[in-house]
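Novice: Here it is: the structure, laid out below.
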Amino acid sequence: MTALVPLIVCLPLLGAAVALMLGQRRRLQVLVSVLSLAAATVMSAVLLALVDRFGTVVVQVGGWEAPWGIVLVVDRLSAIMLLISALMLLGVLLFAVGQGIVDGDTETPVSIFHPTYLVLAAGLFNAFVAGDLFTMYVGFEMLLSASYVLLTLGGTGARIRVGITYIVVSLVSSLLFLSAIALIYGATGTVTLALIAERMPDLPADIQLILGLLLLIAFGVKAAVFPMSFWLPDSYPTAPAPVTAVFAGLLTKVGVYAILRTQTLFFPDNQFSMPLMIVAGLTLLVGILGALAQADIKRLLSFTLVSHIGYMLFGIAIGTPLAIAATIFYVVHHITVQTTLFLAAGLIDRVGGTTSLSRLGGLLKSSPLVAILFFLGALNLGGIPPFSGFLGKIALFQAGTIVGDPIIYVLIGVGALTSLLTLYALARAWNMAFWRPKKQVKDYTSSMSASLVEDPQDEGIVLKKTVSPLMVGTTTSMLVLALGLTVFAGPIFDLATRAAANISSPSTYIDAVFPNGTGSIADSNVGTNFEGGAK
Amino acid sequence: MSASLTLVIVMAVMYAAGVYVMLERSLTRVLIGFLLVGNATNLLIFIMSGRPGSSPIVTGSSVADMVDPIPQVLMLTAIVINFGITALLLALIYRSWWLAQLGDEGDTLTDEHATESADEADATFRSSSDDDDAVAESIDDFERGDGATSDEDTVSSKADAAGSAGASARAASKKPEGDAR
């Protein structure tokens, strides 16, 4: 059963190679990529069941033992992330296939799309199963390189322009991450997560501070945390709709996962609680205030995406097992809902010809199904009871009140305000795009639309394409999945609680990787001229 | 840990210069900045391996003299990744230069025959097809005449004859075209 862990990374990579060779035969290529992602989904579901039942799975790649070789670790948190991202990747792939069928493959060069998409999937899975920092870095690079290609798909002027901004920002964060790895290696003599976790508390406090902050900044750029978030709303909406959806759903959450993993493992005393709280509050506020001013639905959603990263940081900052469980639940909820909403925005673009609120109108009449999809997604994201967005926020706030610091109460207030403002922004979008009759669109004046700022790349209404049943079907099933998170919130939250119990104490993780203890490693540290550091 | 001061200084200078160049507007300079910072990071990893020593291959020499191999492995991987990203960045820079110089029109291929009318194109096509027919005909004649002989001189003289036949056929086929016009 341990073979599943490397296989879930290798299979999409193999699929990417086959899909690349099948560049001329589109249908076969689609079949290969759908099959490999479906297999990855099944494997991650099996992994989650196994890990939940029998505990953490550890694989020593190539038989090399942990501190010297590469180690892959799947605990409950990794398995949850694997399953939800595999589901999202599969759903968005089907949406893209549906869109490709409608377009007749003229708009996007699909022969490039499928292999790149599978490499993105492999990179994501690799980052989630990585048991050492460097493998995590390699996973990040895989998914980022794939994302560079996906974002600049087709090479139009607008995409190249935002693509270069995105690439340069990502490169800087990658180099920061690599520097952090180098410094951590210098300080602890290892890159294996479990061994770092054991040696980190012995380091002087100031060195811990530097290493922790360097990791936080590197991951913070990827997760689009407040001072490093300004690249996101500009770059994501320009990409094709399915690409934006998968970026919004998954790429920022990899950053959140990395923060969650490194914070709980390396810094169990939660030294970074206060800076994380402040940053979380600012991310919440700045993000949602940005969303209020957007006239373009995709940009609006990108800003809410930035904003809601704040909730997850808030959970990590509280740091109690309950808060971590709430964070995991919120991550799962947010991945699902945000991806669904972006897909719905893609549908709006199809049926309305634009995603600009000042031009859309009367969509409720012309396409009621899209209206329902967007409406339920918006309520879910805005945190209306009884949806999972409400449950996740309540769990976070409850975990906060148990700790009960003054700053936590401030953040709960900010969180509630953000929730209401999200609801306002999305309800306004729904009102204007769906509820408002088409003939009112011209010369429309309202206090609601006074503050709206148009997308700088707005092209006006371009009615060109129709919607395929596969696209609507995929979006609907994603929404059903999101509603399933509400219906089965109890069992899922229990699972998240068990996952949080796993990672709340680093010793569980360390014991899984080193069942015989780590005592012998320090003595037989073969070949290192390493003298300072952990001593 | 002991490290070479020279390496540390080189690394610091490369970081500083790289960040400075990266802040420029020109994309090529951003790329150069990325290369400098990337290599500075590689140097940082290298510095973290501590004192220099003998190569880490177990040949009987004492373990304590060996250099730490792990940073070298990490560096190699990082270099390969940086190489790939650099290639992608170069392609993007070229593409953005292309778009800036030519705009979206740069994407449409110029058609060499756009100025020709349909009749002219048709005439060119027909005359060249007549040529082909004439050549094929004279080759058939040649093969029917004396296919058995394989003497080189005969072949070349026959080929000359075939060439002149083709030329005359071409002249003949051109004529009615001119009349028709």
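A note on labels: chains of the structure tokens are A, B, ... as shown, every chain counts residues from 1, and ligands are counted from 1 in their shown order.
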Per residue of chain A within 10 Å of chain B, record the nearest atom pair and its distance in Å to one decimal, counting only C-alpha atoms, with rows in chain order and ascending residue number, as a Markdown table.
Specialist:
```
| residue | atom | partner | partner_atom | distance |
| --- | --- | --- | --- | --- |
| A:Trp68 | CA | B:Ile70 | CA | 8.0 |
| A:Gly69 | CA | B:Ile70 | CA | 9.7 |
| A:Phe134 | CA | B:Leu74 | CA | 7.5 |
| A:Thr135 | CA | B:Leu74 | CA | 9.8 |
| A:Tyr137 | CA | B:Ala78 | CA | 9.4 |
| A:Val138 | CA | B:Ile81 | CA | 8.4 |
| A:Glu141 | CA | B:Ile81 | CA | 7.5 |
| A:Met142 | CA | B:Ile81 | CA | 9.0 |
| A:Leu144 | CA | B:Ile85 | CA | 9.8 |
| A:Ser145 | CA | B:Ile85 | CA | 7.2 |
| A:Tyr148 | CA | B:Leu88 | CA | 8.6 |
| A:Val149 | CA | B:Leu88 | CA | 8.5 |
| A:Thr152 | CA | B:Leu92 | CA | 8.7 |
| A:Gly155 | CA | B:Arg95 | CA | 7.4 |
| A:Thr156 | CA | B:Asp104 | CA | 7.9 |
| A:Gly157 | CA | B:Leu99 | CA | 6.5 |
| A:Ala158 | CA | B:Ser96 | CA | 9.9 |
| A:Arg159 | CA | B:Ser96 | CA | 9.9 |
| A:Ile160 | CA | B:Ser96 | CA | 6.5 |
| A:Arg161 | CA | B:Ser96 | CA | 7.6 |
| A:Gly163 | CA | B:Leu92 | CA | 8.7 |
| A:Ile164 | CA | B:Leu92 | CA | 7.6 |
| A:Ile167 | CA | B:Leu89 | CA | 8.4 |
| A:Val168 | CA | B:Val30 | CA | 8.1 |
| A:Leu171 | CA | B:Phe34 | CA | 7.8 |
| A:Val172 | CA | B:Phe34 | CA | 8.0 |
| A:Ser174 | CA | B:Gly38 | CA | 9.6 |
| A:Leu175 | CA | B:Gly38 | CA | 6.6 |
| A:Leu176 | CA | B:Thr41 | CA | 8.6 |
| A:Phe177 | CA | B:Thr41 | CA | 9.9 |
| A:Leu178 | CA | B:Thr41 | CA | 7.0 |
| A:Ser179 | CA | B:Thr41 | CA | 5.8 |
| A:Ala180 | CA | B:Thr41 | CA | 9.5 |
| A:Ile181 | CA | B:Ile45 | CA | 8.2 |
| A:Ala182 | CA | B:Ile45 | CA | 4.8 |
| A:Leu183 | CA | B:Met48 | CA | 7.2 |
| A:Ile184 | CA | B:Met48 | CA | 9.1 |
| A:Tyr185 | CA | B:Met48 | CA | 6.9 |
| A:Gly186 | CA | B:Met48 | CA | 4.8 |
| A:Ala187 | CA | B:Met48 | CA | 8.5 |
| A:Gly189 | CA | B:Met48 | CA | 8.8 |
| A:Thr190 | CA | B:Ile70 | CA | 8.7 |
| A:Val191 | CA | B:Ile70 | CA | 9.3 |
| A:Asn525 | CA | B:Asp68 | CA | 9.8 |
| A:Val526 | CA | B:Val63 | CA | 6.8 |
| A:Gly527 | CA | B:Asp68 | CA | 5.3 |
| A:Thr528 | CA | B:Asp68 | CA | 4.4 |
| A:Asn529 | CA | B:Gly50 | CA | 5.9 |
| A:Phe530 | CA | B:Gly50 | CA | 6.1 |
| A:Glu531 | CA | B:Met1 | CA | 5.0 |
| A:Gly532 | CA | B:Met1 | CA | 5.0 |
| A:Gly533 | CA | B:Met1 | CA | 7.6 |
```
Novice: Can those selected residues be exported to a file as a compact mmCIF listing (two decimals), in the first residue's frame so that it contains C-alpha atoms?
Specialist:
```txt
# COMPACT_ATOMS: atom_id res chain seq x y z
CA TRP A 68 19.94 10.96 4.03
CA GLY A 69 17.43 9.83 1.45
CA PHE A 134 13.80 20.22 -0.53
CA THR A 135 11.31 17.79 -2.04
CA TYR A 137 10.66 22.95 -2.98
CA VAL A 138 10.90 20.68 -6.03
CA GLU A 141 8.85 24.46 -8.68
CA MET A 142 7.03 21.81 -10.70
CA LEU A 144 4.92 26.89 -10.54
CA SER A 145 6.63 26.14 -13.85
CA TYR A 148 3.74 29.91 -15.76
CA VAL A 149 2.88 28.08 -18.95
CA THR A 152 0.54 32.63 -20.55
CA GLY A 155 0.77 34.15 -25.64
CA THR A 156 -1.55 37.12 -26.14
CA GLY A 157 -0.31 40.54 -25.14
CA ALA A 158 -2.39 40.79 -21.95
CA ARG A 159 -1.40 37.34 -20.75
CA ILE A 160 2.30 37.89 -21.38
CA ARG A 161 2.11 41.21 -19.52
CA GLY A 163 2.40 36.52 -16.77
CA ILE A 164 5.76 38.21 -16.40
CA ILE A 167 6.56 34.81 -12.80
CA VAL A 168 8.96 37.37 -11.33
CA LEU A 171 10.63 33.44 -8.66
CA VAL A 172 11.52 35.81 -5.85
CA SER A 174 11.07 30.53 -4.67
CA LEU A 175 14.55 31.96 -4.21
CA LEU A 176 13.62 33.07 -0.69
CA PHE A 177 12.39 29.55 0.03
CA LEU A 178 15.64 28.10 -1.31
CA SER A 179 17.70 30.49 0.80
CA ALA A 180 15.62 29.48 3.82
CA ILE A 181 16.37 25.82 3.06
CA ALA A 182 20.09 26.60 2.82
CA LEU A 183 20.07 28.45 6.15
CA ILE A 184 18.03 25.73 7.84
CA TYR A 185 20.48 23.15 6.55
CA GLY A 186 23.30 25.23 7.93
CA ALA A 187 21.62 25.54 11.30
CA GLY A 189 22.33 19.87 9.34
CA THR A 190 19.31 18.33 7.64
CA VAL A 191 16.40 19.07 5.32
CA ASN A 525 26.20 11.87 10.75
CA VAL A 526 28.40 10.45 8.02
CA GLY A 527 30.44 12.78 5.89
CA THR A 528 29.28 16.07 7.32
CA ASN A 529 31.82 18.60 8.37
CA PHE A 530 29.05 20.23 10.20
CA GLU A 531 30.22 21.64 13.50
CA GLY A 532 27.92 24.32 14.83
CA GLY A 533 24.20 24.48 14.50
```
Novice: Would you give me, as number ranges by chain, the residues in region 52-217 of chain A that DSSP reads as alpha helix (DSSP H)?
Specialist: A: 52-54, 76-103, 110-129, 133-151, 157-188, 193-199, 205-217
Novice: Taking C-alpha atoms for each residue, export the selection above as a compact mmCIF listing (two decimals), in the first residue's frame.
Specialist:
```txt
# COMPACT_ATOMS: atom_id res chain seq x y z
CA ASP A 52 -7.14 7.52 8.77
CA ARG A 53 -7.41 3.87 9.74
CA PHE A 54 -3.80 2.76 10.24
CA ARG A 76 -4.15 12.82 7.63
CA LEU A 77 -3.57 16.47 6.68
CA SER A 78 -1.61 15.49 3.54
CA ALA A 79 -4.21 12.89 2.60
CA ILE A 80 -7.08 15.38 3.00
CA MET A 81 -5.25 17.91 0.84
CA LEU A 82 -4.46 15.23 -1.75
CA LEU A 83 -8.06 14.12 -2.03
CA ILE A 84 -9.63 17.57 -2.25
CA SER A 85 -7.08 18.83 -4.77
CA ALA A 86 -7.39 15.69 -6.91
CA LEU A 87 -11.18 16.16 -6.97
CA MET A 88 -10.83 19.83 -7.93
CA LEU A 89 -8.23 19.09 -10.62
CA LEU A 90 -10.46 16.43 -12.13
CA GLY A 91 -13.53 18.68 -12.06
CA VAL A 92 -11.75 21.63 -13.65
CA LEU A 93 -10.20 19.35 -16.27
CA LEU A 94 -13.66 18.13 -17.28
CA PHE A 95 -14.82 21.76 -17.45
CA ALA A 96 -11.86 22.59 -19.68
CA VAL A 97 -12.63 19.61 -21.89
CA GLY A 98 -16.23 20.79 -22.19
CA GLN A 99 -15.02 24.28 -23.09
CA GLY A 100 -12.57 22.86 -25.64
CA ILE A 101 -15.35 20.89 -27.32
CA VAL A 102 -17.49 24.01 -27.66
CA ASP A 103 -14.65 26.17 -28.96
CA VAL A 110 -4.99 22.09 -26.09
CA SER A 111 -2.02 19.97 -27.09
CA ILE A 112 0.03 22.04 -24.61
CA PHE A 113 -2.75 22.41 -22.05
CA HIS A 114 -3.17 18.76 -21.04
CA PRO A 115 0.48 17.83 -20.38
CA THR A 116 1.09 21.08 -18.50
CA TYR A 117 -2.03 20.60 -16.42
CA LEU A 118 -0.89 17.10 -15.43
CA VAL A 119 2.56 18.41 -14.46
CA LEU A 120 0.77 20.99 -12.28
CA ALA A 121 -1.15 18.13 -10.63
CA ALA A 122 2.03 16.13 -10.06
CA GLY A 123 3.75 19.15 -8.52
CA LEU A 124 0.80 19.75 -6.18
CA PHE A 125 0.74 16.12 -5.06
CA ASN A 126 4.52 16.14 -4.63
CA ALA A 127 4.35 19.21 -2.39
CA PHE A 128 1.67 17.55 -0.24
CA VAL A 129 3.49 14.23 0.26
CA LEU A 133 11.89 20.69 2.70
CA PHE A 134 13.80 20.22 -0.53
CA THR A 135 11.31 17.79 -2.04
CA MET A 136 8.64 20.31 -1.12
CA TYR A 137 10.66 22.95 -2.98
CA VAL A 138 10.90 20.68 -6.03
CA GLY A 139 7.12 20.14 -5.89
CA PHE A 140 6.59 23.91 -5.68
CA GLU A 141 8.85 24.46 -8.68
CA MET A 142 7.03 21.81 -10.70
CA LEU A 143 3.63 23.35 -10.08
CA LEU A 144 4.92 26.89 -10.54
CA SER A 145 6.63 26.14 -13.85
CA ALA A 146 3.44 24.52 -15.07
CA SER A 147 1.45 27.52 -13.83
CA TYR A 148 3.74 29.91 -15.76
CA VAL A 149 2.88 28.08 -18.95
CA LEU A 150 -0.84 27.83 -18.17
CA LEU A 151 -1.10 31.52 -17.30
CA GLY A 157 -0.31 40.54 -25.14
CA ALA A 158 -2.39 40.79 -21.95
CA ARG A 159 -1.40 37.34 -20.75
CA ILE A 160 2.30 37.89 -21.38
CA ARG A 161 2.11 41.21 -19.52
CA VAL A 162 0.54 39.80 -16.36
CA GLY A 163 2.40 36.52 -16.77
CA ILE A 164 5.76 38.21 -16.40
CA THR A 165 4.67 39.98 -13.21
CA TYR A 166 3.42 36.68 -11.82
CA ILE A 167 6.56 34.81 -12.80
CA VAL A 168 8.96 37.37 -11.33
CA VAL A 169 7.02 37.49 -8.04
CA SER A 170 6.94 33.69 -7.85
CA LEU A 171 10.63 33.44 -8.66
CA VAL A 172 11.52 35.81 -5.85
CA SER A 173 9.49 33.77 -3.40
CA SER A 174 11.07 30.53 -4.67
CA LEU A 175 14.55 31.96 -4.21
CA LEU A 176 13.62 33.07 -0.69
CA PHE A 177 12.39 29.55 0.03
CA LEU A 178 15.64 28.10 -1.31
CA SER A 179 17.70 30.49 0.80
CA ALA A 180 15.62 29.48 3.82
CA ILE A 181 16.37 25.82 3.06
CA ALA A 182 20.09 26.60 2.82
CA LEU A 183 20.07 28.45 6.15
CA ILE A 184 18.03 25.73 7.84
CA TYR A 185 20.48 23.15 6.55
CA GLY A 186 23.30 25.23 7.93
CA ALA A 187 21.62 25.54 11.30
CA THR A 188 20.29 22.01 11.75
CA LEU A 193 11.11 17.85 8.17
CA ALA A 194 10.98 15.44 11.08
CA LEU A 195 14.64 15.91 12.01
CA ILE A 196 14.41 19.71 11.67
CA ALA A 197 11.39 19.58 13.97
CA GLU A 198 13.49 17.80 16.56
CA ARG A 199 16.52 20.05 16.27
CA ALA A 205 15.71 32.04 19.78
CA ASP A 206 17.03 34.70 17.39
CA ILE A 207 18.09 32.11 14.80
CA GLN A 208 14.70 30.45 15.10
CA LEU A 209 13.10 33.83 14.51
CA ILE A 210 15.08 34.47 11.32
CA LEU A 211 14.43 31.01 9.89
CA GLY A 212 10.73 31.13 10.79
CA LEU A 213 10.21 34.57 9.28
CA LEU A 214 12.09 33.63 6.11
CA LEU A 215 9.83 30.60 5.63
CA LEU A 216 6.74 32.68 6.43
CA ILE A 217 7.65 35.32 3.85
```
Novice: One number please: CA of Asn380 (chain A) to CA of Leu341 (chain A), in Å, one decimal.
Specialist: 10.0 Å
Novice: At what distance in Å, to one decimal, does CA of Ala325 (chain A) lie from CA of Ala500 (chain A)?
Specialist: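 Straight-line distance from CA of Ala500 (chain A) to CA of Ala325 (chain A) works out to 5.0 Å.
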Novice: How many Å lie between CA of Leu363 (chain A) and CA of Ala425 (chain A), rounded to one decimal?
Specialist: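 Pair CA of Leu363 (chain A) / CA of Ala425 (chain A) returns 17.7 Å.
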